[in-house]
Amino acid sequence: MTAQTVTQTVHILAFDDVEALDFAGPYEVFTTATRMHHRLAPAASAATPRAPLFDVRAVAADSQPVRARAGLRLLPELDFHTAPPCDVLIVPGGVVDGALACPCTLAWLRKQSARAQITASVCTGAFLLAEAGVLTDQEVTTHWEDLADLQRRYPALRVTDRQRWVDGGRLVTSAGISAGIDMSLHLVARLGGQALAERTARQMDYAWQAA
């Protein structure tokens, strides 16, 4: 595991008709990784507790509950006005038509992504990043059912179906639900080390496809 000790802030976008597991999968990965980090590298003493590796927050346009695609209601912790810059920005997918048509959402994504160390999408979250101008001409992926549409709408992108996720450094995209979990574990490995990612997957009883 790396010597990473500084808390990394992870913001996950929430919007009406978000796919519940596109949101919850990364949330579970990063919060579980934080618990496992404490177990693998406990604090030297109770008087000096170790800072959490990841501080994970749900962010929405406002403070009202968000209705996920299947009806689950999510209560965001931050809104576009109160969310500070983050280290990792996660953009889940789902039915993104409403978010695509929301100028405030697109503007917030542009602003946050410009300041984030990593911006990552799950599934059709790639459409939001492309519409916001965050994804421009790089290799990307999305859910298999939406590959052709993503290429048609944003022809400068190099859309691939050969990878479950595409790591472009600052910008990372993944296919559907389980690929978003795999990608999130990959990001944990980047930020906290391979051992932590493997321990996180084991704790989740999840068969991580690491490549």
# chains A, B, ... in the order shown; residues from 1 in each chain; ligands from 1
>>> select_by_dssp(residues="stretch 14-207 of chain A", states="strand (DSSP E)", output="NGL selection string")
:A and (54-60 or 66-67 or 73-74 or 78-79 or 88-91 or 118-122 or 139-140 or 158-159 or 165-167 or 171-174)
>>> write_last_selection(atoms="N, CA, C and O atoms", output="tab-separated table (two decimals), in the first residue's frame")
chain	number	residue	atom	x	y	z
A	54	PHE	N	-10.51	8.55	2.09
A	54	PHE	CA	-11.47	9.18	1.18
A	54	PHE	C	-12.62	9.78	1.97
A	54	PHE	O	-13.13	9.17	2.90
A	55	ASP	N	-13.02	10.98	1.58
A	55	ASP	CA	-14.21	11.64	2.13
A	55	ASP	C	-15.21	11.71	0.99
A	55	ASP	O	-15.04	12.48	0.04
A	56	VAL	N	-16.25	10.89	1.05
A	56	VAL	CA	-17.16	10.68	-0.08
A	56	VAL	C	-18.47	11.43	0.16
A	56	VAL	O	-19.11	11.24	1.20
A	57	ARG	N	-18.87	12.24	-0.81
A	57	ARG	CA	-20.09	13.04	-0.66
A	57	ARG	C	-20.95	12.95	-1.92
A	57	ARG	O	-20.42	12.91	-3.03
A	58	ALA	N	-22.26	12.95	-1.73
A	58	ALA	CA	-23.22	13.06	-2.84
A	58	ALA	C	-23.51	14.53	-3.08
A	58	ALA	O	-23.78	15.28	-2.15
A	59	VAL	N	-23.46	14.93	-4.34
A	59	VAL	CA	-23.68	16.33	-4.72
A	59	VAL	C	-24.79	16.40	-5.77
A	59	VAL	O	-24.78	15.64	-6.75
A	60	ALA	N	-25.75	17.30	-5.56
A	60	ALA	CA	-26.84	17.50	-6.52
A	60	ALA	C	-27.02	19.00	-6.77
A	60	ALA	O	-26.39	19.83	-6.12
A	66	VAL	N	-33.18	13.42	-4.42
A	66	VAL	CA	-33.06	13.03	-5.82
A	66	VAL	C	-33.74	11.68	-5.99
A	66	VAL	O	-33.55	10.77	-5.19
A	67	ARG	N	-34.53	11.54	-7.04
A	67	ARG	CA	-35.23	10.29	-7.31
A	67	ARG	C	-34.43	9.50	-8.34
A	67	ARG	O	-34.32	9.90	-9.49
A	73	ARG	N	-34.86	7.08	-3.37
A	73	ARG	CA	-34.62	8.51	-3.14
A	73	ARG	C	-33.30	8.70	-2.40
A	73	ARG	O	-33.02	8.03	-1.41
A	74	LEU	N	-32.49	9.61	-2.92
A	74	LEU	CA	-31.19	9.92	-2.36
A	74	LEU	C	-31.21	11.34	-1.81
A	74	LEU	O	-31.77	12.24	-2.43
A	78	LEU	N	-24.33	17.76	-0.36
A	78	LEU	CA	-23.87	19.05	-0.84
A	78	LEU	C	-24.64	19.42	-2.10
A	78	LEU	O	-25.16	18.53	-2.79
A	79	ASP	N	-24.71	20.71	-2.39
A	79	ASP	CA	-25.30	21.13	-3.67
A	79	ASP	C	-24.26	21.90	-4.47
A	79	ASP	O	-23.13	22.10	-4.02
A	88	VAL	N	-11.56	13.81	-6.61
A	88	VAL	CA	-12.11	12.83	-7.55
A	88	VAL	C	-13.59	13.15	-7.77
A	88	VAL	O	-14.36	13.25	-6.82
A	89	LEU	N	-13.94	13.30	-9.03
A	89	LEU	CA	-15.32	13.57	-9.41
A	89	LEU	C	-15.86	12.36	-10.16
A	89	LEU	O	-15.29	11.95	-11.17
A	90	ILE	N	-16.95	11.78	-9.66
A	90	ILE	CA	-17.57	10.61	-10.28
A	90	ILE	C	-18.91	11.03	-10.86
A	90	ILE	O	-19.76	11.60	-10.15
A	91	VAL	N	-19.12	10.72	-12.14
A	91	VAL	CA	-20.36	11.08	-12.83
A	91	VAL	C	-21.07	9.79	-13.25
A	91	VAL	O	-20.66	9.15	-14.22
A	118	ILE	N	-8.92	13.70	-10.74
A	118	ILE	CA	-9.49	12.66	-11.60
A	118	ILE	C	-10.97	12.93	-11.79
A	118	ILE	O	-11.68	13.22	-10.82
A	119	THR	N	-11.44	12.85	-13.02
A	119	THR	CA	-12.87	12.86	-13.32
A	119	THR	C	-13.21	11.55	-14.00
A	119	THR	O	-12.55	11.16	-14.97
A	120	ALA	N	-14.21	10.85	-13.48
A	120	ALA	CA	-14.55	9.53	-14.01
A	120	ALA	C	-16.05	9.42	-14.23
A	120	ALA	O	-16.85	9.97	-13.47
A	121	SER	N	-16.42	8.69	-15.27
A	121	SER	CA	-17.84	8.47	-15.55
A	121	SER	C	-18.16	6.98	-15.52
A	121	SER	O	-17.30	6.14	-15.78
A	122	VAL	N	-19.40	6.69	-15.18
A	122	VAL	CA	-19.94	5.34	-15.25
A	122	VAL	C	-21.05	5.36	-16.29
A	122	VAL	O	-21.92	6.24	-16.26
A	139	GLU	N	-10.01	8.63	-26.19
A	139	GLU	CA	-10.64	7.31	-26.21
A	139	GLU	C	-11.51	7.18	-24.97
A	139	GLU	O	-11.07	7.45	-23.86
A	140	VAL	N	-12.74	6.73	-25.17
A	140	VAL	CA	-13.71	6.62	-24.08
A	140	VAL	C	-14.56	5.37	-24.28
A	140	VAL	O	-14.57	4.76	-25.35
A	158	ARG	N	-13.20	8.99	-29.52
A	158	ARG	CA	-12.82	7.66	-30.02
A	158	ARG	C	-13.47	6.63	-29.09
A	158	ARG	O	-12.90	6.26	-28.07
A	159	VAL	N	-14.66	6.21	-29.46
A	159	VAL	CA	-15.46	5.33	-28.61
A	159	VAL	C	-15.05	3.88	-28.84
A	159	VAL	O	-15.04	3.41	-29.98
A	165	TRP	N	-13.14	-0.29	-18.88
A	165	TRP	CA	-12.93	1.12	-18.57
A	165	TRP	C	-11.69	1.59	-19.32
A	165	TRP	O	-10.83	0.80	-19.69
A	166	VAL	N	-11.64	2.88	-19.54
A	166	VAL	CA	-10.52	3.50	-20.24
A	166	VAL	C	-9.91	4.53	-19.30
A	166	VAL	O	-10.57	5.49	-18.89
A	167	ASP	N	-8.66	4.32	-18.93
A	167	ASP	CA	-7.96	5.23	-18.02
A	167	ASP	C	-7.08	6.15	-18.85
A	167	ASP	O	-6.05	5.75	-19.40
A	171	LEU	N	-8.84	11.73	-16.95
A	171	LEU	CA	-10.20	11.40	-17.37
A	171	LEU	C	-10.32	9.89	-17.55
A	171	LEU	O	-9.54	9.27	-18.27
A	172	VAL	N	-11.32	9.32	-16.87
A	172	VAL	CA	-11.51	7.87	-16.88
A	172	VAL	C	-12.99	7.61	-17.17
A	172	VAL	O	-13.86	8.26	-16.58
A	173	THR	N	-13.27	6.68	-18.08
A	173	THR	CA	-14.65	6.34	-18.40
A	173	THR	C	-14.83	4.83	-18.26
A	173	THR	O	-13.89	4.07	-18.46
A	174	SER	N	-16.06	4.42	-17.95
A	174	SER	CA	-16.32	2.99	-17.81
A	174	SER	C	-17.64	2.64	-18.46
A	174	SER	O	-18.47	3.50	-18.76
>>> residues_around(residues="A:Gly133", least_positions_apart="5", cutoff="9 Å", atoms="only C-alpha atoms", output="list in words")
Leu106, Arg110 and Leu128 of chain A
>>> select_by_dssp(residues="stretch 1-209 of chain A", states="alpha helix (DSSP H)", output="PyMOL selection string")
chain A and resi 20-40+97-100+103-115+125-131+147-153+177-192+194-203
>>> closest_residue(among="A:Asp149, A:Glu28, A:Asp62, A:Asp97", to="A:Thr200", atoms="only C-alpha atoms")
A:Glu28
>>> residues_around(residues="stretch 123-125 of chain A", least_positions_apart="4", cutoff="7 Å", atoms="only C-alpha atoms", output="list in words")
Val91, Pro92, Gly93, Gly94, Leu129, Thr142, His143, Ser174, Ala175, Gly176 and Ile177 of chain A
>>> residues_around(residues="A:Ala101", least_positions_apart="2", cutoff="12 Å", atoms="only C-alpha atoms", output="short mmCIF file (atom, residue, chain, number, x, y, z; two decimals) with C-alpha atoms, in the first residue's frame")
data_model
loop_
_atom_site.label_atom_id
_atom_site.label_comp_id
_atom_site.auth_asym_id
_atom_site.auth_seq_id
_atom_site.Cartn_x
_atom_site.Cartn_y
_atom_site.Cartn_z
CA PHE A 15 -29.52 13.71 -10.44
CA VAL A 95 -31.45 8.37 -17.93
CA VAL A 96 -29.41 11.51 -18.50
CA ASP A 97 -31.80 13.52 -20.71
CA GLY A 98 -32.79 15.92 -17.93
CA ALA A 99 -29.21 16.43 -16.75
CA PRO A 103 -27.08 24.28 -18.02
CA CYS A 104 -26.30 24.45 -14.29
CA THR A 105 -25.33 20.78 -14.20
CA LEU A 106 -23.06 21.09 -17.22
CA ALA A 107 -21.45 24.26 -15.90
CA PHE A 127 -22.63 11.79 -22.28
CA LEU A 128 -22.74 14.42 -19.52
CA GLU A 131 -21.84 17.62 -23.42
CA ALA A 132 -20.02 19.69 -20.79
#
>>> atom_distance(atom1="atom CA of A:His11", atom2="atom CA of A:Leu147")
25.4 Å
>>> residues_around(residues="A:Gly192", least_positions_apart="5", cutoff="12 Å", atoms="only C-alpha atoms", output="ChimeraX atom specification")
/A:1-8,30,33-34,36-38,40-41,52-54,184-187,197-200
>>> closest_residue(among="A:Ala20, A:Leu13, A:Ile181, A:Met204", to="A:Ala70", atoms="only C-alpha atoms")
A:Ala20
>>> closest_residue(among="A:Ala156, A:Cys86, A:Leu196, A:Ala114", to="A:Arg170", atoms="only C-alpha atoms")
A:Ala114
